[in-house]
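Take a look at the structure set out below.
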Amino acid sequence: MYGRRGFGRRQRGINLDEGTFDPEDAQKVKHTRIGIWDLYEEVEPRLKLVPGSLRSQLETFHEMKGSFPFVLRMFKEIGAIRACWWLLAGYLIITLVLALIPAVELWYSGLLLKIVQNAVEYRTVDRNLLFQVAASRLICSAITRVLQHVQNLLYKPLNERIRQHYAIHNFHARARLDVPTYSDSAVQRQLDNSTTSARTSIAWNNVLTTLHLVSTGVELRDGTLLATLSFGHTLFRKKVGKQNWSPSGVWAATTRDPDYLRSIGMAKAVHQQQHRKELVAGGMVDYLVSSYRGAAERLGNRATDFYEAFHMHNITNRLNLTAFLSDPLRELPQIVFTLRAVQYPSDIPLSLASLNLITQTTSKFSRTLFDLFEQTGSVAENLASIRKLYETYTIPNLVVDGATPFPENQQNLGLGVAVEFRNVSFRYPGSNKDVLRNISFKILQGQLCVIVGANGSGKSTILKLIARLYDPTEGHIFVNDQDIRTLKLADLRRATSVLFQDYTYFPLSIRDNIALGDPDNAHDDEKIREAATLGGATEFIERLDEGFDTYLDRPVEDIYSSLPQGTKTLFGRSVEYSSIRGAGNMSSHSKGLSGGQMQRIALSRTFMRDDGVGLLCFDEPSASLDPTAEHDLFERLRQLRGNKTMIFSTHRFGNLTRHADLILYMDDAVILEEGTHDQLIKQDGGIC
């Protein structure tokens, strides 16, 4: 028996760059215990004297500033969408006009107040001016209604075209990522946070309205002062009314409470469908209910998510002193008016009219200003989402593409592909355990190689490295004597066909699931059916009601009314959906297939790639097949491979190993023995 190959393990320390947020650094991090949660907040010496709420507001505006270049890029892209410029221009013009109308209405309100003041002082009414003001107010209202209606008509096609444009971009941004990059939790959060929203009219509307209200106040004698006082009241009102649900700045929170972790885990186990079979068949219900009740009782009122816990912590532990200043600030405009009236008694009649107008103006100003502050967060989020959306396009893949075309001569693929591992070690991202240690072997062109080993021995990982889903931690892989890192990924994967043990059934029709094996011929129905025949799937597919068009797991669920099955309606009739389902050809159950049938569909997908492929890799292809089906599969594969290189991984020796040109026997991340079937039989302690 071959001895274990020597190996070396490279220890990797963790380097935290200067400035990196590290919860364990007591010099830079403040730790707070909030119920079952541990909160870690970054301490920034330069901002220690800045109140938390103001710091958060400054950070929001700073983030908005950094997002503006992406907003300009967004408008350029929107301009390239068909007819979007005209729709957007019309929408913005209407928004501008709607923003001007309140100022016009306010001007007519001033005229109306003057008419009333003249009527009180001189006992005369300018009827023509009165009718003109009344008619103008009605016209303004009518114009507003019409413009809002037209704006709504423009909004739908504009929104749909922009949303569709960015949906395509977002789809491509996700699809282009490789396996280790997409598996990164930070990348997942970045993708989840990116949206296709491009709503900027909120900020535009509020800025215009605010500017016109400010200009109206400036025209009045005391308008600027009163507006400033209203501004101060609005700031305090915002601070008093603000509900802090999360810390500001850089922070992280975690919980290690065993009861909370266990209760949440049990709740997910009960809610998620994939656990239902084991839960019911294993008789776990009573135990789970008892365990969940015990955990809930031990937790008591501490069983809250972090945001609620933080919110309650703020309410119970902090006294908001600014609340006491809010009411005096609200009364300041009236106090100022009284003082002005005492100082200038002759202006009281005019000021009475002005007071009413100024009160309306400042009230509306304060309300609009408050809304603007409230919407600043959502505007900042929308702007940030645009930036995050564009940043997803440039997320670098961890597996870097090569530049060398492969193969140099396409006809050479018919002779197979040579694969060589030289001192390869590998550990999955985020793991400290090697799943391959100092592996070396060489498969010649056109050879049949079988990798044998128990689960977890590393045989599936070898196939993933050959497909270059990952790069080795150490060592080198060569394909046709070329370093695999230098080859173009698209060419390499076009020349390779891989069926993994944990194959995926896409939420598409059976036809599409098979067709995806060869995207270039995805519309060739004859080739799809031929691949299904080679994979042994045609017979059971044709027995399905919809045949190749069957969706085993519909990506869009049927939608029903809110009344559950069996409940009573208002008139006492029992709710029953069978007739509705029958009329709409809807089913209450998914169309399940056996493991063997699902694997045959996956095999059929692999057979779609037969042309133009020089390397076929199969990871436990017979795991879900009975012995007869397994024998038929192996015979069919041997006959179809021609001169192609073929690599199998399996956990047991069988008929296929007798025909193998090379057998690699693996255990615990290393190759223990290698050779042909006869060579391994003749060795002492043979494994075959």
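Chain labels follow the order of the structure tokens: the first chain is A, the next B, and so on; residue numbering restarts at 1 in every chain, and ligands are counted from 1 in their shown order.
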
Quick one: everything within 8 Å of A:Phe478, counting only C-alpha atoms, minus sequence neighbours fewer than 4 positions away in the same chain. Send it as a compact mmCIF listing (two decimals) with C-alpha atoms, in the first residue's frame.
```
# COMPACT_ATOMS: atom_id res chain seq x y z
CA ALA A 418 -4.70 16.17 -19.60
CA VAL A 419 -4.96 17.21 -15.93
CA GLU A 420 -2.09 17.41 -13.45
CA PHE A 421 -2.02 18.37 -9.75
CA GLN A 482 -0.73 24.97 -19.03
CA ASP A 483 -1.23 26.57 -15.62
CA ILE A 484 -4.99 26.61 -15.08
```

Counting only C-alpha atoms, the option among A:Arg73, A:Arg256, A:His476, A:His172 closest to A:Arg33: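 Checking each candidate against A:Arg33, we get A:Arg256 as the closest.
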
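Between atom CA of A:Ile647 and atom CA of A:Cys449 lies a distance of 4.7 Å.
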
| message | Show me, as an NGL selection string, the residues that have an atom within 12 Å of A:Phe131 when counting only C-alpha atoms, minus same-chain residues fewer than 4 positions from it. | response | :A and (108 or 111-112 or 115 or 125-127 or 135-139)

Practice task
For A:Pro396, please output as a list in words all residues within 12 Å (counting only C-alpha atoms; exclusion window: fewer than 6 positions along the same chain).
Solution key: Ala173, Arg174, Arg176, Leu177, Asp178, Pro180, Thr181, Tyr182, Asp184 and Val187 of chain A
